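model25.cif follows (mmCIF, C-alpha atoms):
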```cif
data_model
loop_
_atom_site.label_atom_id
_atom_site.label_comp_id
_atom_site.auth_asym_id
_atom_site.auth_seq_id
_atom_site.Cartn_x
_atom_site.Cartn_y
_atom_site.Cartn_z
CA MET A 31 0.00 0.00 0.00
CA LYS A 32 2.82 2.35 0.91
CA LYS A 33 4.56 1.66 -2.43
CA PHE A 34 1.30 2.33 -4.25
CA LEU A 35 0.86 5.68 -2.50
CA ILE A 36 4.42 6.68 -3.36
CA PHE A 37 3.85 5.68 -6.98
CA ALA A 38 0.56 7.58 -7.15
CA LEU A 39 2.18 10.67 -5.67
CA SER A 40 5.00 10.45 -8.20
CA VAL A 41 2.51 10.27 -11.06
CA LEU A 42 0.64 13.30 -9.74
CA LEU A 43 3.85 15.29 -9.45
CA MET A 44 4.85 14.35 -12.98
CA LEU A 45 1.47 15.43 -14.31
CA SER A 46 1.70 18.66 -12.36
CA PHE A 47 5.12 19.48 -13.76
CA ALA A 48 3.99 18.53 -17.25
CA GLY A 49 1.06 20.91 -16.92
CA CYS A 50 3.35 23.72 -15.77
CA ALA A 51 5.73 23.09 -18.65
CA LYS A 52 2.88 23.17 -21.12
CA ARG A 53 1.64 26.51 -19.73
CA SER A 54 5.13 28.03 -19.71
CA ASP A 55 5.58 27.22 -23.41
CA LYS A 56 2.46 29.17 -24.34
CA ILE A 57 2.24 32.97 -24.31
CA ILE A 58 -1.28 34.26 -23.60
CA VAL A 59 -2.03 37.54 -25.38
CA GLY A 60 -4.82 39.59 -23.81
CA TYR A 61 -6.72 41.89 -26.16
CA ASP A 62 -9.99 43.78 -26.65
CA ASN A 63 -11.91 42.11 -29.48
CA HIS A 64 -13.98 45.27 -30.10
CA PHE A 65 -11.04 47.50 -31.01
CA ALA A 66 -10.78 47.64 -34.79
CA PRO A 67 -8.49 47.69 -36.64
CA MET A 68 -6.14 46.51 -33.89
CA GLY A 69 -8.09 43.47 -32.72
CA PHE A 70 -11.76 42.65 -33.35
CA SER A 71 -14.26 39.98 -34.31
CA GLN A 72 -15.19 39.66 -37.98
CA ASP A 73 -17.32 36.84 -39.43
CA GLY A 74 -16.71 34.78 -36.33
CA GLN A 75 -12.94 35.21 -36.46
CA ASP A 76 -10.74 37.45 -34.35
CA VAL A 77 -8.58 39.55 -36.66
CA GLY A 78 -6.65 42.82 -36.69
CA PHE A 79 -3.32 44.58 -37.04
CA ASP A 80 -2.09 43.74 -33.54
CA LEU A 81 -3.11 40.09 -33.83
CA ASP A 82 -1.25 39.82 -37.16
CA ILE A 83 1.85 41.42 -35.62
CA ALA A 84 1.68 39.13 -32.59
CA LYS A 85 1.42 36.05 -34.82
CA ALA A 86 4.44 37.22 -36.82
CA VAL A 87 6.44 37.84 -33.62
CA GLY A 88 5.48 34.39 -32.34
CA GLU A 89 6.63 32.76 -35.57
CA GLU A 90 9.89 34.72 -35.50
CA LEU A 91 10.61 33.65 -31.92
CA GLY A 92 9.34 30.10 -32.26
CA LEU A 93 6.80 30.69 -29.49
CA GLU A 94 3.17 29.67 -29.34
CA PHE A 95 0.93 32.71 -28.85
CA GLU A 96 -2.65 32.13 -27.76
CA PHE A 97 -5.15 35.00 -27.97
CA GLN A 98 -7.61 35.67 -25.17
CA ALA A 99 -10.30 38.36 -25.32
CA ILE A 100 -10.47 40.31 -22.05
CA ASN A 101 -12.44 43.10 -20.44
CA TRP A 102 -10.18 46.04 -21.25
CA LYS A 103 -10.70 47.81 -17.96
CA GLN A 104 -9.31 44.71 -16.20
CA LYS A 105 -6.19 44.35 -18.37
CA GLU A 106 -3.54 45.20 -15.74
CA PHE A 107 -5.29 43.00 -13.18
CA GLU A 108 -5.34 40.11 -15.67
CA LEU A 109 -1.61 40.58 -16.31
CA LYS A 110 -0.70 40.64 -12.62
CA ALA A 111 -2.90 37.60 -11.96
CA LYS A 112 -1.00 35.76 -14.74
CA SER A 113 -4.17 34.85 -16.59
CA ILE A 114 -2.50 36.62 -19.54
CA ASP A 115 1.16 37.25 -20.34
CA LEU A 116 0.91 40.23 -22.69
CA ILE A 117 -1.41 43.20 -23.11
CA TRP A 118 -1.37 43.73 -26.86
CA ASN A 119 -4.13 45.72 -28.50
CA GLY A 120 -3.68 49.45 -29.06
CA TYR A 121 -2.26 49.78 -25.53
CA THR A 122 -1.22 53.40 -25.03
CA ILE A 123 2.02 54.01 -23.16
CA THR A 124 1.41 56.34 -20.19
CA GLU A 125 3.45 57.23 -17.13
CA GLU A 126 0.73 55.84 -14.85
CA ARG A 127 0.74 52.51 -16.68
CA LYS A 128 4.54 52.37 -16.57
CA GLU A 129 4.23 52.07 -12.80
CA GLN A 130 2.33 48.80 -13.25
CA VAL A 131 3.78 47.16 -16.37
CA ALA A 132 6.88 47.02 -18.55
CA PHE A 133 6.40 48.31 -22.09
CA SER A 134 7.96 47.20 -25.34
CA ASP A 135 9.45 49.76 -27.69
CA PRO A 136 6.68 51.98 -29.11
CA TYR A 137 5.51 50.54 -32.43
CA LEU A 138 2.59 52.73 -33.61
CA LYS A 139 1.50 56.37 -33.36
CA ASN A 140 -2.00 57.35 -32.29
CA GLU A 141 -4.01 60.43 -31.30
CA GLN A 142 -7.00 61.01 -29.07
CA VAL A 143 -9.65 62.68 -31.22
CA VAL A 144 -13.25 63.83 -30.80
CA VAL A 145 -16.18 62.36 -32.74
CA ILE A 146 -19.41 64.32 -33.11
CA ARG A 147 -22.64 64.13 -35.08
CA LYS A 148 -22.40 65.86 -38.46
CA SER A 149 -25.50 67.80 -37.54
CA ASP A 150 -23.42 69.47 -34.79
CA LYS A 151 -20.45 70.35 -37.00
CA ASP A 152 -21.08 74.10 -36.69
CA THR A 153 -21.66 73.87 -32.94
CA TYR A 154 -18.66 71.82 -31.85
CA THR A 155 -15.60 73.08 -33.68
CA SER A 156 -12.99 73.21 -30.93
CA ALA A 157 -12.15 71.86 -27.49
CA GLU A 158 -13.50 75.06 -25.94
CA SER A 159 -16.89 74.52 -27.57
CA LEU A 160 -17.19 71.20 -25.69
CA VAL A 161 -16.58 72.65 -22.23
CA GLY A 162 -19.57 71.89 -20.03
CA LYS A 163 -20.93 69.29 -22.45
CA LYS A 164 -21.39 65.61 -21.63
CA LEU A 165 -18.78 63.31 -23.20
CA ILE A 166 -18.44 59.56 -23.63
CA TRP A 167 -15.38 57.28 -23.94
CA GLN A 168 -14.23 53.69 -23.42
CA ASN A 169 -13.85 52.40 -19.89
CA GLY A 170 -10.17 51.70 -19.18
CA SER A 171 -8.89 53.61 -22.21
CA SER A 172 -6.51 56.57 -22.20
CA ALA A 173 -9.31 58.89 -23.38
CA LYS A 174 -10.03 60.07 -19.84
CA ASP A 175 -6.33 60.92 -19.35
CA ALA A 176 -6.37 62.89 -22.60
CA VAL A 177 -9.41 64.90 -21.51
CA ALA A 178 -7.91 65.53 -18.07
CA GLY A 179 -4.57 66.62 -19.49
CA TYR A 180 -5.77 68.81 -22.34
CA ALA A 181 -4.80 72.48 -21.91
CA ASP A 182 -5.72 75.54 -23.95
CA ALA A 183 -3.22 78.02 -25.40
CA ASP A 184 -2.86 79.68 -21.99
CA GLY A 185 -2.12 76.38 -20.27
CA ASN A 186 -5.52 76.05 -18.60
CA LYS A 187 -6.90 72.53 -18.25
CA ILE A 188 -10.35 73.36 -19.49
CA PHE A 189 -12.14 70.06 -18.86
CA ALA A 190 -11.89 69.97 -15.06
CA ASP A 191 -15.68 70.07 -14.64
CA THR A 192 -16.16 67.40 -17.30
CA LEU A 193 -14.35 64.90 -15.08
CA ALA A 194 -17.12 64.99 -12.50
CA GLU A 195 -18.82 61.61 -12.90
CA GLU A 196 -22.18 63.07 -13.85
CA ASN A 197 -20.61 64.80 -16.88
CA TYR A 198 -19.21 61.77 -18.69
CA THR A 199 -20.11 58.17 -19.51
CA GLN A 200 -17.86 55.16 -19.93
CA LEU A 201 -18.87 52.11 -21.97
CA ASP A 202 -16.92 48.92 -22.55
CA ASP A 203 -16.33 49.16 -26.29
CA ASN A 204 -16.08 51.78 -29.00
CA VAL A 205 -18.78 50.36 -31.28
CA MET A 206 -21.31 50.83 -28.48
CA ILE A 207 -19.99 54.37 -28.01
CA LEU A 208 -20.40 55.28 -31.68
CA GLN A 209 -23.85 53.69 -31.77
CA ASP A 210 -24.85 55.70 -28.71
CA LEU A 211 -23.59 58.93 -30.25
CA ASN A 212 -25.30 58.13 -33.53
CA MET A 213 -28.70 57.18 -32.12
CA ALA A 214 -29.15 59.40 -29.07
CA ASN A 215 -28.53 63.00 -28.05
CA GLU A 216 -27.39 62.41 -24.47
CA HIS A 217 -23.73 63.05 -25.29
CA ALA A 218 -22.24 65.90 -27.28
CA ALA A 219 -19.18 63.95 -28.39
CA ALA A 220 -17.07 60.82 -28.01
CA VAL A 221 -13.34 60.75 -27.31
CA MET A 222 -11.39 57.83 -28.77
CA ASP A 223 -8.26 56.66 -30.54
CA SER A 224 -7.91 58.11 -34.03
CA VAL A 225 -7.07 54.68 -35.54
CA VAL A 226 -10.37 53.32 -34.22
CA ALA A 227 -12.49 56.34 -35.15
CA ASN A 228 -11.06 56.51 -38.65
CA TYR A 229 -11.59 52.80 -39.21
CA TYR A 230 -15.23 52.64 -38.17
CA LEU A 231 -16.14 55.89 -39.89
CA SER A 232 -14.69 54.48 -43.10
CA ILE A 233 -16.32 51.03 -43.11
CA SER A 234 -19.78 51.74 -41.65
CA GLU A 235 -22.13 53.54 -44.04
CA ASP A 236 -24.34 54.57 -41.12
CA PHE A 237 -21.47 56.04 -39.11
CA LYS A 238 -19.96 57.63 -42.21
CA ALA A 239 -23.26 59.35 -43.03
CA ASN A 240 -23.93 60.72 -39.57
CA LEU A 241 -20.66 61.07 -37.64
CA MET A 242 -17.35 62.88 -38.11
CA VAL A 243 -14.08 63.66 -36.35
CA ILE A 244 -13.64 67.33 -35.44
CA PRO A 245 -10.94 68.52 -37.86
CA ASP A 246 -7.56 69.60 -36.47
CA LEU A 247 -8.48 68.82 -32.86
CA VAL A 248 -6.10 66.44 -31.09
CA LEU A 249 -6.51 66.06 -27.34
CA ALA A 250 -3.32 64.00 -26.96
CA GLU A 251 -0.61 62.43 -29.09
CA GLU A 252 0.14 58.86 -28.07
CA GLU A 253 2.22 55.79 -28.81
CA TYR A 254 1.19 52.15 -28.59
CA GLY A 255 3.31 49.53 -26.83
CA ILE A 256 3.02 45.93 -25.66
CA GLY A 257 2.55 45.48 -21.91
CA LEU A 258 4.40 42.79 -19.92
CA ARG A 259 5.02 41.99 -16.28
CA LYS A 260 8.10 43.87 -15.10
CA GLU A 261 9.93 40.67 -14.22
CA ASP A 262 9.60 39.28 -17.78
CA THR A 263 12.74 41.05 -19.00
CA GLU A 264 13.91 38.19 -21.23
CA LEU A 265 10.60 38.01 -23.09
CA LEU A 266 10.58 41.80 -23.44
CA ALA A 267 14.02 41.79 -25.06
CA LYS A 268 12.98 39.00 -27.43
CA ILE A 269 9.81 40.84 -28.52
CA ASN A 270 11.70 44.09 -29.13
CA GLY A 271 14.27 42.20 -31.18
CA ALA A 272 11.59 40.42 -33.19
CA LEU A 273 9.84 43.70 -34.02
CA LYS A 274 13.09 45.10 -35.41
CA THR A 275 13.64 41.93 -37.44
CA LEU A 276 10.12 42.12 -38.86
CA LYS A 277 10.76 45.72 -39.85
CA ALA A 278 14.05 44.79 -41.52
CA ASN A 279 12.59 41.89 -43.51
CA GLY A 280 9.53 43.86 -44.62
CA LYS A 281 6.91 41.79 -42.79
CA LEU A 282 5.94 44.65 -40.46
CA ASP A 283 5.40 47.01 -43.39
CA GLU A 284 3.37 44.37 -45.19
CA ILE A 285 0.99 43.99 -42.24
CA ALA A 286 0.74 47.76 -41.73
CA GLU A 287 -0.14 48.25 -45.40
CA LYS A 288 -2.83 45.57 -45.15
CA TRP A 289 -4.55 47.55 -42.38
CA GLY A 290 -3.88 51.05 -43.77
CA LEU A 291 -1.50 52.00 -40.96
CA SER A 292 1.81 52.36 -42.81
CA ASP A 293 2.21 56.06 -42.00
CA LEU A 294 1.93 55.38 -38.27
CA LEU A 295 4.69 52.80 -37.77
CA LEU A 296 7.43 53.72 -35.29
CA ILE A 297 9.70 50.65 -35.35
CA GLU A 298 13.03 51.04 -37.15
CA ALA A 299 15.19 48.16 -38.33
#
```

Please express what this file holds, its structure, as structure tokens.
Amino acid sequence: MKKFLIFALSVLLMLSFAGCAKRSDKIIVGYDNHFAPMGFSQDGQDVGFDLDIAKAVGEELGLEFEFQAINWKQKEFELKAKSIDLIWNGYTITEERKEQVAFSDPYLKNEQVVVIRKSDKDTYTSAESLVGKKLIWQNGSSAKDAVAGYADADGNKIFADTLAEENYTQLDDNVMILQDLNMANEHAAAVMDSVVANYYLSISEDFKANLMVIPDLVLAEEEYGIGLRKEDTELLAKINGALKTLKANGKLDEIAEKWGLSDLLLIEA
């Protein structure tokens, strides 16, 4: 009986170690599957620029990347809990986020822009015209930081009152935000990433007909990076190296051209 128990324990330990080894060989990429063109669901498949780049990096490094859709507002928690290994989906590099995660080299430029109804194009023409109006943005995005940090020509942060909770709304994805703006009059404008706004306003006939980005108004200039746990220094170095290799061999440019983002690439060979 004693020998049997020892044998059974040995088998359990072997299975446990095998399970750990299997998990350690797989890199779990957390992403928002409502964030076109970076990562989104189309015809039952998850596609996008960031997913294509991640697959190319995985192939270059000989690593198995598995994609896992997450609630974007929980992304840092998911990373710390080790339910994902990378945050990779239009993840804006900010000083606040740097306190929680390690970032790859910046790979894409972005801006925080303002979307309004075309019927309001003569009413909302500048940041100042939106002061005191109710805004909407994605929960967990950098839009709120952009609104909070925006200053006029005199250095005044003009949206202080907007940041009172009753003066803004947060929803979980940008399609819902654009639909809300398009179908209701509760909010004057939406704040979101320019790559997302430009994509949806170009592919949706309904959005294209009724919505627009306020010209020449940028609330913040941003850069996208890949988020990792701070202790994963070896993986970080490998990913940065792979991005440079993909730029040198033309694969990065090929993917960027596919998604209409060539002018925004930041990686150099």

(request) Determine, counting all atoms listed in the file, which protein, DNA and RNA residues have an atom within 7 Å of an atom of Leu165 of chain A; residues of the same chain fewer than 2 positions away are not included. Present the result as JSON, numbers by chain. (result) {"A": [163, 167, 197, 198, 199, 217, 218, 219, 220]}

(message) So the first atom is atom CA of Val221 of chain A and the second is atom CA of Val144 of chain A; what is the distance between them in Å, to one decimal place?
(response)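 Here the two named atoms are 4.7 Å from each other.
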
Which segment 154-188 of chain A residues have any atom within 12 Å of an atom of segment 231-244 of chain A, and for each, what is the nearest pair of atoms with distance in Å to one decimal, counting all atoms listed in the file, rows sorted by chain and number, as a Markdown table?
```
| residue | atom | partner | partner_atom | distance |
| --- | --- | --- | --- | --- |
| A:Tyr154 | CA | A:Ile244 | CA | 7.6 |
| A:Thr155 | CA | A:Ile244 | CA | 6.3 |
| A:Ser156 | CA | A:Ile244 | CA | 7.4 |
| A:Ala157 | CA | A:Ile244 | CA | 9.3 |
| A:Ser159 | CA | A:Ile244 | CA | 11.1 |
| A:Leu160 | CA | A:Ile244 | CA | 11.1 |
```

(request) Determine the nearest neighbour of Glu251 of chain A from the options A:Leu201, A:Ile123, A:Lys277, A:Asp152, counting only C-alpha atoms. (result) A:Ile123

Using the chain letters and numbers from this file, what does the PyMOL selection byres ((chain A and resi 291) around 12) select? Give the answer as an mmCIF file with C-alpha atoms, in the frame of the given file.
```cif
data_model
loop_
_atom_site.group_PDB
_atom_site.id
_atom_site.type_symbol
_atom_site.label_atom_id
_atom_site.label_comp_id
_atom_site.auth_asym_id
_atom_site.auth_seq_id
_atom_site.Cartn_x
_atom_site.Cartn_y
_atom_site.Cartn_z
ATOM 1 C CA ALA A 66 -10.780 47.640 -34.790
ATOM 2 C CA PRO A 67 -8.490 47.690 -36.640
ATOM 3 C CA MET A 68 -6.140 46.510 -33.890
ATOM 4 C CA GLY A 78 -6.650 42.820 -36.690
ATOM 5 C CA PHE A 79 -3.320 44.580 -37.040
ATOM 6 C CA ASP A 80 -2.090 43.740 -33.540
ATOM 7 C CA TYR A 137 5.510 50.540 -32.430
ATOM 8 C CA LEU A 138 2.590 52.730 -33.610
ATOM 9 C CA LYS A 139 1.500 56.370 -33.360
ATOM 10 C CA ASN A 140 -2.000 57.350 -32.290
ATOM 11 C CA SER A 224 -7.910 58.110 -34.030
ATOM 12 C CA VAL A 225 -7.070 54.680 -35.540
ATOM 13 C CA VAL A 226 -10.370 53.320 -34.220
ATOM 14 C CA ASN A 228 -11.060 56.510 -38.650
ATOM 15 C CA TYR A 229 -11.590 52.800 -39.210
ATOM 16 C CA LEU A 282 5.940 44.650 -40.460
ATOM 17 C CA ASP A 283 5.400 47.010 -43.390
ATOM 18 C CA GLU A 284 3.370 44.370 -45.190
ATOM 19 C CA ILE A 285 0.990 43.990 -42.240
ATOM 20 C CA ALA A 286 0.740 47.760 -41.730
ATOM 21 C CA GLU A 287 -0.140 48.250 -45.400
ATOM 22 C CA LYS A 288 -2.830 45.570 -45.150
ATOM 23 C CA TRP A 289 -4.550 47.550 -42.380
ATOM 24 C CA GLY A 290 -3.880 51.050 -43.770
ATOM 25 C CA SER A 292 1.810 52.360 -42.810
ATOM 26 C CA ASP A 293 2.210 56.060 -42.000
ATOM 27 C CA LEU A 294 1.930 55.380 -38.270
ATOM 28 C CA LEU A 295 4.690 52.800 -37.770
ATOM 29 C CA LEU A 296 7.430 53.720 -35.290
#
```

For Lys260 of chain A: contacts at 12 Å, only C-alpha atoms, fewer than 3 positions along chain excluded, given as a PDB file with C-alpha atoms, keeping the file's coordinate frame:
```pdb
ATOM      1  CA  GLU A 106      -3.540  45.200 -15.740  1.00  0.00           C
ATOM      2  CA  LEU A 109      -1.610  40.580 -16.310  1.00  0.00           C
ATOM      3  CA  LYS A 110      -0.700  40.640 -12.620  1.00  0.00           C
ATOM      4  CA  ASP A 115       1.160  37.250 -20.340  1.00  0.00           C
ATOM      5  CA  LEU A 116       0.910  40.230 -22.690  1.00  0.00           C
ATOM      6  CA  ARG A 127       0.740  52.510 -16.680  1.00  0.00           C
ATOM      7  CA  LYS A 128       4.540  52.370 -16.570  1.00  0.00           C
ATOM      8  CA  GLU A 129       4.230  52.070 -12.800  1.00  0.00           C
ATOM      9  CA  GLN A 130       2.330  48.800 -13.250  1.00  0.00           C
ATOM     10  CA  VAL A 131       3.780  47.160 -16.370  1.00  0.00           C
ATOM     11  CA  ALA A 132       6.880  47.020 -18.550  1.00  0.00           C
ATOM     12  CA  PHE A 133       6.400  48.310 -22.090  1.00  0.00           C
ATOM     13  CA  SER A 134       7.960  47.200 -25.340  1.00  0.00           C
ATOM     14  CA  ILE A 256       3.020  45.930 -25.660  1.00  0.00           C
ATOM     15  CA  GLY A 257       2.550  45.480 -21.910  1.00  0.00           C
ATOM     16  CA  THR A 263      12.740  41.050 -19.000  1.00  0.00           C
ATOM     17  CA  GLU A 264      13.910  38.190 -21.230  1.00  0.00           C
ATOM     18  CA  LEU A 265      10.600  38.010 -23.090  1.00  0.00           C
ATOM     19  CA  LEU A 266      10.580  41.800 -23.440  1.00  0.00           C
ATOM     20  CA  ALA A 267      14.020  41.790 -25.060  1.00  0.00           C
TER      21      ALA A 267
END
```

(request) Name the residues that the PyMOL selection byres ((chain A and resi 273) around 9) pulls out of this structure, and write them as a list in words. (result)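 Selection result, ordered by chain and number: Ile83, Ala86, Val87, Asp135, Tyr137, Lys268, Ile269, Asn270, Gly271, Ala272, Lys274, Thr275, Leu276, Lys277, Ala278, Leu282, Ile297, Glu298 and Ala299 of chain A.
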
(request) Expand the PyMOL selection byres ((chain A and resi 99) around 7) into the individual residues it matches in the shown file, reporting them as a VMD selection string. (result) chain A and resid 60 to 63 97 to 98 100

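Coordinates place atom CA of Ile188 of chain A at a distance of 7.4 Å from atom CA of Glu158 of chain A.
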
(message) Using all atoms listed in the file for the distances, tell me which of A:Lys151, A:His64, A:Lys105, A:Lys85 is nearest to Asp202 of chain A.
(response)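 Distance minimum relative to Asp202 of chain A lands on A:His64.
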
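Among the candidates A:Lys56, A:Val143, A:Asp182, A:Lys148, the one nearest to Asn212 of chain A when counting only C-alpha atoms is A:Lys148.
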
(message) Just the number, please: distance in Å from atom CA of Gly179 of chain A to atom CA of Glu195 of chain A, one decimal.
(response) 16.5 Å

I'd like the contact shell of Lys187 of chain A - 12 Å cut-off, only C-alpha atoms, skipping same-chain residues fewer than 2 positions apart - returned as a CSV table (one decimal) with C-alpha atoms, in the frame of the given file.
```csv
chain,number,residue,atom,x,y,z
A,157,ALA,CA,-12.2,71.9,-27.5
A,158,GLU,CA,-13.5,75.1,-25.9
A,161,VAL,CA,-16.6,72.6,-22.2
A,175,ASP,CA,-6.3,60.9,-19.4
A,176,ALA,CA,-6.4,62.9,-22.6
A,177,VAL,CA,-9.4,64.9,-21.5
A,178,ALA,CA,-7.9,65.5,-18.1
A,179,GLY,CA,-4.6,66.6,-19.5
A,180,TYR,CA,-5.8,68.8,-22.3
A,181,ALA,CA,-4.8,72.5,-21.9
A,182,ASP,CA,-5.7,75.5,-24.0
A,183,ALA,CA,-3.2,78.0,-25.4
A,184,ASP,CA,-2.9,79.7,-22.0
A,185,GLY,CA,-2.1,76.4,-20.3
A,189,PHE,CA,-12.1,70.1,-18.9
A,190,ALA,CA,-11.9,70.0,-15.1
A,191,ASP,CA,-15.7,70.1,-14.6
A,192,THR,CA,-16.2,67.4,-17.3
A,193,LEU,CA,-14.4,64.9,-15.1
A,249,LEU,CA,-6.5,66.1,-27.3
```

(message) Given all atoms listed in the file as the basis, pick out the residue of A:Trp102, A:Glu108, A:Ser149, A:Trp118 nearest to Gln200 of chain A.
(response) A:Trp102

Step by step: locate segment 180-201 of chain A in the block above, keep N, CA and C atoms, then write the file as a PDB file, in the first residue's frame.
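part35.pdb was written with the following content:
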```
ATOM      1  N   TYR A 180      -5.719  67.822 -21.258  1.00  0.00           N
ATOM      2  CA  TYR A 180      -5.773  68.813 -22.344  1.00  0.00           C
ATOM      3  C   TYR A 180      -5.770  70.240 -21.790  1.00  0.00           C
ATOM      4  N   ALA A 181      -4.904  71.079 -22.344  1.00  0.00           N
ATOM      5  CA  ALA A 181      -4.800  72.482 -21.914  1.00  0.00           C
ATOM      6  C   ALA A 181      -4.956  73.409 -23.109  1.00  0.00           C
ATOM      7  N   ASP A 182      -5.562  74.565 -22.878  1.00  0.00           N
ATOM      8  CA  ASP A 182      -5.715  75.543 -23.950  1.00  0.00           C
ATOM      9  C   ASP A 182      -4.402  76.295 -24.172  1.00  0.00           C
ATOM     10  N   ALA A 183      -4.440  77.290 -25.031  1.00  0.00           N
ATOM     11  CA  ALA A 183      -3.218  78.025 -25.398  1.00  0.00           C
ATOM     12  C   ALA A 183      -2.589  78.730 -24.204  1.00  0.00           C
ATOM     13  N   ASP A 184      -3.380  79.010 -23.188  1.00  0.00           N
ATOM     14  CA  ASP A 184      -2.864  79.678 -21.993  1.00  0.00           C
ATOM     15  C   ASP A 184      -2.436  78.691 -20.907  1.00  0.00           C
ATOM     16  N   GLY A 185      -2.528  77.401 -21.226  1.00  0.00           N
ATOM     17  CA  GLY A 185      -2.123  76.382 -20.267  1.00  0.00           C
ATOM     18  C   GLY A 185      -3.197  75.974 -19.281  1.00  0.00           C
ATOM     19  N   ASN A 186      -4.421  76.402 -19.508  1.00  0.00           N
ATOM     20  CA  ASN A 186      -5.518  76.054 -18.605  1.00  0.00           C
ATOM     21  C   ASN A 186      -6.127  74.706 -18.978  1.00  0.00           C
ATOM     22  N   LYS A 187      -6.258  73.823 -18.013  1.00  0.00           N
ATOM     23  CA  LYS A 187      -6.896  72.530 -18.250  1.00  0.00           C
ATOM     24  C   LYS A 187      -8.403  72.743 -18.193  1.00  0.00           C
ATOM     25  N   ILE A 188      -8.996  72.835 -19.361  1.00  0.00           N
ATOM     26  CA  ILE A 188     -10.348  73.358 -19.486  1.00  0.00           C
ATOM     27  C   ILE A 188     -11.454  72.354 -19.182  1.00  0.00           C
ATOM     28  N   PHE A 189     -11.101  71.065 -19.047  1.00  0.00           N
ATOM     29  CA  PHE A 189     -12.144  70.057 -18.856  1.00  0.00           C
ATOM     30  C   PHE A 189     -12.265  69.580 -17.409  1.00  0.00           C
ATOM     31  N   ALA A 190     -11.839  70.386 -16.462  1.00  0.00           N
ATOM     32  CA  ALA A 190     -11.887  69.969 -15.059  1.00  0.00           C
ATOM     33  C   ALA A 190     -13.301  69.577 -14.639  1.00  0.00           C
ATOM     34  N   ASP A 191     -14.299  70.362 -15.032  1.00  0.00           N
ATOM     35  CA  ASP A 191     -15.679  70.068 -14.642  1.00  0.00           C
ATOM     36  C   ASP A 191     -16.221  68.827 -15.348  1.00  0.00           C
ATOM     37  N   THR A 192     -15.713  68.567 -16.541  1.00  0.00           N
ATOM     38  CA  THR A 192     -16.163  67.400 -17.302  1.00  0.00           C
ATOM     39  C   THR A 192     -15.855  66.111 -16.558  1.00  0.00           C
ATOM     40  N   LEU A 193     -14.794  66.117 -15.758  1.00  0.00           N
ATOM     41  CA  LEU A 193     -14.353  64.902 -15.080  1.00  0.00           C
ATOM     42  C   LEU A 193     -15.174  64.562 -13.849  1.00  0.00           C
ATOM     43  N   ALA A 194     -16.141  65.398 -13.511  1.00  0.00           N
ATOM     44  CA  ALA A 194     -17.121  64.992 -12.504  1.00  0.00           C
ATOM     45  C   ALA A 194     -17.954  63.866 -13.120  1.00  0.00           C
ATOM     46  N   GLU A 195     -18.232  62.825 -12.341  1.00  0.00           N
ATOM     47  CA  GLU A 195     -18.820  61.607 -12.898  1.00  0.00           C
ATOM     48  C   GLU A 195     -20.144  61.835 -13.621  1.00  0.00           C
ATOM     49  N   GLU A 196     -20.892  62.842 -13.205  1.00  0.00           N
ATOM     50  CA  GLU A 196     -22.183  63.067 -13.849  1.00  0.00           C
ATOM     51  C   GLU A 196     -22.039  63.687 -15.238  1.00  0.00           C
ATOM     52  N   ASN A 197     -20.819  64.108 -15.607  1.00  0.00           N
ATOM     53  CA  ASN A 197     -20.615  64.802 -16.875  1.00  0.00           C
ATOM     54  C   ASN A 197     -19.951  63.938 -17.951  1.00  0.00           C
ATOM     55  N   TYR A 198     -19.732  62.664 -17.658  1.00  0.00           N
ATOM     56  CA  TYR A 198     -19.210  61.774 -18.688  1.00  0.00           C
ATOM     57  C   TYR A 198     -19.754  60.365 -18.478  1.00  0.00           C
ATOM     58  N   THR A 199     -19.673  59.566 -19.553  1.00  0.00           N
ATOM     59  CA  THR A 199     -20.111  58.171 -19.514  1.00  0.00           C
ATOM     60  C   THR A 199     -18.985  57.303 -20.047  1.00  0.00           C
ATOM     61  N   GLN A 200     -18.830  56.126 -19.440  1.00  0.00           N
ATOM     62  CA  GLN A 200     -17.856  55.156 -19.930  1.00  0.00           C
ATOM     63  C   GLN A 200     -18.593  53.873 -20.325  1.00  0.00           C
ATOM     64  N   LEU A 201     -18.332  53.394 -21.526  1.00  0.00           N
ATOM     65  CA  LEU A 201     -18.871  52.111 -21.974  1.00  0.00           C
ATOM     66  C   LEU A 201     -17.702  51.180 -22.291  1.00  0.00           C
TER      67      LEU A 201
END
```
